[in-house]
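Enquirer: Quick one: this structure, given as structure tokens, is what I'll be asking you about.
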Amino acid sequence: MVRLWQLLLLVISVAVNYGKVVGISRHDFPPGFIFGAGSSAYQVEGAAAEDGRKPSIWDTYANAGKVLDKSTGEVAADQYHKYKDDVKLMHEMGLDAYRFSISWSRLIPDGNGAVNPKGLEYYNNLINQLIIHGIEAHVTLNHFDLPQALEDEYGGYLSPKFIEDFTAYADICFKEFGDRVRSWSTFNEPNIQTVIGYDLGAFPPEHCSYPFGLNCSKGNSSTEAYTAAHNILLSHSAAVQLYREKYQEKQKGHVGITLLGFWFEPLTQSPEDIAATQRWIDFHHGWFLDPLVYGDYPAIMRKIVGSRLPSFTEGESKKLKGSFDFIGFNHYLVLYVQDMPAVSDKKQKDYVRDISATITFGNGSFGEDFSRLKSSQMPAAPWAMQRMLEYIKVHYKNPAVVIHENGYVDFSTSSTSPNAHDDAERADYLRGYIESLLLSIRNGSNARAYFVWSFMDCFELMFGYSARYGLYGVDFHDKDRKRYPRLSAHWYSSFLGVSGPERRSSSYLYSY
Ligand code: IFM
């Protein structure tokens, strides 16, 4: 018989935990849900000028001293030489999958034309090593690192010629590696890469025009981000069509695209701020998702951007619609939006001017806070990921989604500082977001996988080596780039059902 005190305890515990997920493990997720961690080629591989690799636009940018700490990805975490050790660590950690990208200019040094046999060999080795260890390969084709040769030849993403070269590159990847690749993402974060690279001029190829962006020597901030995004969308749909027609039935992989998944909330409940928030959502998510799901850009973008926004032909629109098996989201942040009626401020970035709204997190403007990030952490807001997933579910026909990146940045660590090892905040951050993801799934989101960014510390683009995201730390002062597990690596392992990174026996091997 249930006693009164037992009943009371039950009621209290239900009340306290209502709306929370308590003490979860991977077994709470649907069967087949994938947990992994990720990286990208230029950020971890190193060997930048080795075995026939030629520069990408990121090599050019970093080699010119443009990164905050003046570093480059020339050696990075040296995964090119240490991939076997890294895969062993992934296996010990209990990862189901590793998300990495192919360096286009390692595989096809000039962007088009001859394939580099050493590039082929490297990616074959890496993929085989993963398969041997029972880890799925989830591959991104273009993670920002456009071959410099294509930038020089015809202006890279700005030219429709890019579509043909990207499709030919994708064809080689599908043909050479597709028998062992479970999931392909065509592009990483084109919805921010184009804005930073062609409006602000703060990422390669550093295009912008007065009075927008930084001091660029070339570009047109009013149009180029939209043109580059348009060509990326068309390249994506061409590659997906190719995969579906030529490879998918036999290879049984999936193909999609990965977007940056900021979430936006109105700063106040005024109708103006609410409308401005919707504009940000449409310009950030809808810019890519509307063409992919409905075949055209959002109506609000057409209205505001007008003739500066390219158009799709009927055939292009048909080809785009439904050209994905999943949508990847890289979710880190919630941003608060305030309407900005005074569009006349010429200092505003063009893309932001089009949206006519400013964004904030914390107290300052986005720009100010961004520069202040050096000494502060991004605030965790797991509920924002839930809101984003709910929005995608409701507005885009509940597509299969993958969280391709989610992670915690630490600007204060060096490999010798105490929290370089004891990163309890990172473990807490990840737990919060994973719980939030589970709640989304229980609310009907079609989420299929989750990847921590990043598996190990890497070259963090704008910040070089002064920003760290890794479950594994990397000692960048050490010539051997020694790796060491952080507390978060142990936490993720135990969440995945492995009792500690060192404990998983290497006898658990699949034959290849
Ligand atoms: O390191 C980057 C990654 O290349 C793209 N998404 C955001 C990460 C953290 O800034």
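Labeling convention for the structure tokens: chains A, B, ... as they appear, residues from 1 per chain, ligands from 1 in order of appearance.
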To check your reading of the model: which residues sit at most 10 Å from ligand 1 when counting only C-alpha atoms and all ligand atoms? Write the answer as a short mmCIF file (atom, residue, chain, number, x, y, z; two decimals) with N, CA, C and O atoms, in the first residue's frame.
Expert:
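Final file, part-v6.cif:
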```cif
data_model
loop_
_atom_site.label_atom_id
_atom_site.label_comp_id
_atom_site.auth_asym_id
_atom_site.auth_seq_id
_atom_site.Cartn_x
_atom_site.Cartn_y
_atom_site.Cartn_z
N GLY A 38 32.95 16.55 -34.08
CA GLY A 38 33.37 16.98 -35.41
C GLY A 38 34.62 17.83 -35.46
O GLY A 38 35.22 18.21 -34.43
N SER A 39 34.99 18.13 -36.70
CA SER A 39 36.14 18.98 -37.01
C SER A 39 35.98 19.45 -38.46
O SER A 39 35.01 19.09 -39.10
N SER A 40 36.94 20.20 -38.95
CA SER A 40 36.97 20.48 -40.40
C SER A 40 38.42 20.47 -40.86
O SER A 40 39.34 20.67 -40.06
N ALA A 41 38.59 20.24 -42.16
CA ALA A 41 39.93 19.97 -42.71
C ALA A 41 40.96 21.04 -42.34
O ALA A 41 41.97 20.75 -41.70
N TYR A 42 40.69 22.30 -42.74
CA TYR A 42 41.72 23.32 -42.51
C TYR A 42 41.95 23.54 -41.01
O TYR A 42 43.04 23.92 -40.59
N GLN A 43 40.95 23.24 -40.20
CA GLN A 43 41.07 23.51 -38.77
C GLN A 43 41.86 22.45 -38.01
O GLN A 43 42.33 22.71 -36.91
N HIS A 143 33.81 23.06 -46.29
CA HIS A 143 33.73 23.75 -44.99
C HIS A 143 34.58 25.01 -45.10
O HIS A 143 35.69 25.09 -44.56
N PHE A 144 34.14 25.98 -45.85
CA PHE A 144 34.75 27.32 -46.03
C PHE A 144 35.99 27.34 -46.93
O PHE A 144 36.39 28.40 -47.40
N ASN A 188 29.05 23.83 -45.43
CA ASN A 188 28.93 24.20 -44.03
C ASN A 188 28.65 25.69 -43.89
O ASN A 188 29.43 26.52 -44.37
N GLU A 189 27.53 26.01 -43.25
CA GLU A 189 27.18 27.39 -42.86
C GLU A 189 27.25 28.42 -43.98
O GLU A 189 27.79 29.53 -43.79
N ILE A 192 26.21 32.09 -43.19
CA ILE A 192 27.00 33.12 -42.49
C ILE A 192 28.29 33.38 -43.27
O ILE A 192 28.78 34.50 -43.35
N GLN A 193 28.80 32.32 -43.88
CA GLN A 193 30.06 32.44 -44.63
C GLN A 193 29.93 33.54 -45.69
O GLN A 193 30.83 34.37 -45.87
N THR A 258 24.42 21.98 -44.30
CA THR A 258 24.52 22.39 -42.90
C THR A 258 24.45 23.91 -42.78
O THR A 258 25.26 24.62 -43.39
N LEU A 259 23.52 24.39 -42.00
CA LEU A 259 23.35 25.84 -41.82
C LEU A 259 23.77 26.26 -40.42
O LEU A 259 23.66 25.46 -39.47
N LEU A 260 24.22 27.51 -40.31
CA LEU A 260 24.41 28.04 -38.96
C LEU A 260 23.02 28.23 -38.37
O LEU A 260 22.12 28.76 -39.03
N GLY A 261 22.84 27.78 -37.15
CA GLY A 261 21.50 27.83 -36.55
C GLY A 261 21.43 28.81 -35.39
O GLY A 261 21.14 28.41 -34.26
N PHE A 329 22.17 21.64 -38.56
CA PHE A 329 22.21 22.96 -37.92
C PHE A 329 23.39 23.01 -36.97
O PHE A 329 23.61 22.07 -36.20
N ASN A 330 24.13 24.12 -37.03
CA ASN A 330 25.20 24.36 -36.06
C ASN A 330 24.65 25.39 -35.08
O ASN A 330 24.52 26.56 -35.40
N HIS A 331 24.30 24.91 -33.91
CA HIS A 331 23.61 25.81 -32.98
C HIS A 331 24.51 26.16 -31.79
O HIS A 331 24.99 25.28 -31.08
N TYR A 332 24.69 27.45 -31.58
CA TYR A 332 25.50 27.92 -30.45
C TYR A 332 24.79 28.99 -29.63
O TYR A 332 25.03 29.11 -28.44
N HIS A 404 24.68 19.47 -36.19
CA HIS A 404 26.03 19.17 -36.68
C HIS A 404 27.12 19.80 -35.83
O HIS A 404 28.28 19.36 -35.88
N GLU A 405 26.76 20.86 -35.12
CA GLU A 405 27.74 21.48 -34.20
C GLU A 405 26.99 22.05 -33.02
O GLU A 405 25.94 22.69 -33.18
N ASN A 406 27.57 21.84 -31.85
CA ASN A 406 27.11 22.48 -30.63
C ASN A 406 28.29 22.35 -29.68
O ASN A 406 28.83 21.26 -29.52
N GLY A 407 28.70 23.46 -29.09
CA GLY A 407 29.89 23.33 -28.25
C GLY A 407 30.17 24.60 -27.48
O GLY A 407 29.53 25.64 -27.67
N TYR A 408 31.15 24.50 -26.63
CA TYR A 408 31.45 25.53 -25.65
C TYR A 408 32.84 26.09 -25.92
O TYR A 408 33.82 25.33 -25.97
N VAL A 409 32.91 27.39 -26.07
CA VAL A 409 34.22 27.99 -26.36
C VAL A 409 34.85 28.49 -25.07
O VAL A 409 34.19 29.04 -24.20
N TRP A 453 30.90 20.06 -31.19
CA TRP A 453 32.02 20.79 -31.79
C TRP A 453 32.92 21.22 -30.67
O TRP A 453 32.46 21.95 -29.79
N SER A 454 34.14 20.76 -30.57
CA SER A 454 34.77 19.94 -31.57
C SER A 454 35.37 18.71 -30.87
O SER A 454 35.49 18.72 -29.64
N ASP A 457 40.67 20.42 -29.79
CA ASP A 457 40.98 21.81 -30.08
C ASP A 457 41.49 21.92 -31.51
O ASP A 457 42.21 21.05 -32.00
N CYS A 458 41.12 23.02 -32.15
CA CYS A 458 41.60 23.19 -33.52
C CYS A 458 41.89 24.66 -33.80
O CYS A 458 41.74 25.51 -32.92
N PHE A 459 42.28 24.93 -35.01
CA PHE A 459 42.52 26.29 -35.46
C PHE A 459 41.16 26.96 -35.59
O PHE A 459 40.36 26.60 -36.45
N GLU A 460 40.86 27.92 -34.70
CA GLU A 460 39.51 28.47 -34.65
C GLU A 460 39.40 29.73 -35.52
O GLU A 460 39.24 30.84 -35.02
N LEU A 461 39.51 29.55 -36.81
CA LEU A 461 39.26 30.58 -37.82
C LEU A 461 39.68 31.98 -37.37
O LEU A 461 40.85 32.25 -37.24
N MET A 462 38.71 32.83 -37.04
CA MET A 462 38.99 34.21 -36.67
C MET A 462 39.97 34.35 -35.50
O MET A 462 40.74 35.29 -35.43
N PHE A 463 39.91 33.41 -34.53
CA PHE A 463 40.67 33.56 -33.29
C PHE A 463 41.94 32.71 -33.24
O PHE A 463 42.67 32.75 -32.26
N GLY A 464 42.17 31.91 -34.26
CA GLY A 464 43.36 31.06 -34.27
C GLY A 464 43.33 30.06 -33.14
O GLY A 464 42.34 29.36 -32.95
N ALA A 467 41.07 30.32 -29.03
CA ALA A 467 39.72 29.89 -28.67
C ALA A 467 39.67 28.38 -28.79
O ALA A 467 40.07 27.83 -29.79
N ARG A 468 39.17 27.75 -27.74
CA ARG A 468 39.20 26.28 -27.73
C ARG A 468 37.81 25.71 -27.49
O ARG A 468 37.07 26.17 -26.64
N TYR A 469 37.51 24.71 -28.28
CA TYR A 469 36.20 24.05 -28.20
C TYR A 469 36.33 22.55 -27.87
O TYR A 469 35.34 21.86 -27.76
#
```
Enquirer: Would you mind writing down, as an MDAnalysis selection string, each residue of stretch 89-302 of chain A that DSSP on the backbone assigns to alpha helix (DSSP H)?
Expert: chainID A and resid 89:93 104:107 117:132 148:154 161:177 190:195 224:242 248:251 271:281 287:294 299:302
Enquirer: Which is closer to A:Asp290 than all the others in A:His395, A:Lys250, A:Lys303, A:Arg486, using only C-alpha atoms?
Expert: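 The shortest atom-to-atom distance to A:Asp290 comes from A:His395.
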Enquirer: For a test of reading the model, state the distance in Å between atom CA of A:Gln338 and atom CA of A:Pro291, rounded to one decimal.
Expert: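 Answer for the atom CA of A:Gln338 to atom CA of A:Pro291 separation: 26.5 Å.
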Enquirer: So that I can check the surroundings of A:Arg483, please list as a list in words every protein, DNA and RNA residue that reaches within 10 Å of it, counting only C-alpha atoms and ignoring chain neighbours fewer than 6 positions away.
Expert: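 What passes the distance filter is Ala77, Asp85, Asp86, Leu89, Ser415, Met456, Asp457, Gly470, Leu471, Tyr472, Gly473, Val474, Asp475 and Phe476 of chain A.
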Enquirer: Pick from A:Arg448, A:His490, A:Arg182, A:His133: nearest to A:Ala427, with only C-alpha atoms counted?
Expert: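 Selected residue with least distance to A:Ala427: A:His490.
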Enquirer: Hey, which of A:His27, A:Arg302, A:His236, A:Lys161 ends up closest to A:Leu141? Count only C-alpha atoms.
Expert: A:His236
Enquirer: To one decimal place in Å, what is the distance between atom CA of A:Leu214 and atom CA of A:Ala202?
Expert: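 If I compute the distance from atom CA of A:Leu214 to atom CA of A:Ala202, I get 6.9 Å.
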Enquirer: Any chance you could list, as a PyMOL selection string, the residues in stretch 201-337 of chain A that come up strand (DSSP E or B) when DSSP is run on the backbone?
Expert: chain A and resi 254-260+263-266+326-330+334-337
Enquirer: Go through A:Gln148, A:Ser488, A:Ser436, A:Asn124 one by one, measure the shortest atom-to-atom distance of each to A:Asn112 using only C-alpha atoms, and give the residue with the smallest value.
Expert: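 So, comparing all the options, the nearest one is A:Gln148.
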Enquirer: Which is closer to A:Glu316 than all the others in A:Ala400, A:Ala48, A:Leu234, A:Leu95, using only C-alpha atoms?
Expert: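 Looking only at the distances to A:Glu316, the closest residue turns out to be A:Leu234.
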Enquirer: Rank nothing, just name the residue among A:Ser209, A:Ser103, A:Gln386, A:Asn128 nearest to A:Thr223, using only C-alpha atoms.
Expert: A:Ser209
Enquirer: Using only C-alpha atoms, determine which residues lie at most 7 Å from A:Val293, disregarding the query and same-chain residues fewer than 6 positions distant; provide the list as a compact mmCIF listing (two decimals) with N, CA, C and O atoms, in the first residue's frame.
Expert:
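That gives us around-v4.txt:
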```
# COMPACT_ATOMS: atom_id res chain seq x y z
N LYS A 321 13.81 22.16 -54.65
CA LYS A 321 12.75 21.74 -53.73
C LYS A 321 12.94 20.28 -53.32
O LYS A 321 12.97 19.40 -54.17
N GLY A 322 13.12 20.05 -52.05
CA GLY A 322 13.29 18.68 -51.55
C GLY A 322 14.68 18.10 -51.79
O GLY A 322 14.87 16.89 -51.66
N TYR A 396 8.80 24.18 -41.67
CA TYR A 396 9.47 23.53 -42.82
C TYR A 396 9.14 22.05 -42.90
O TYR A 396 9.97 21.24 -43.29
```
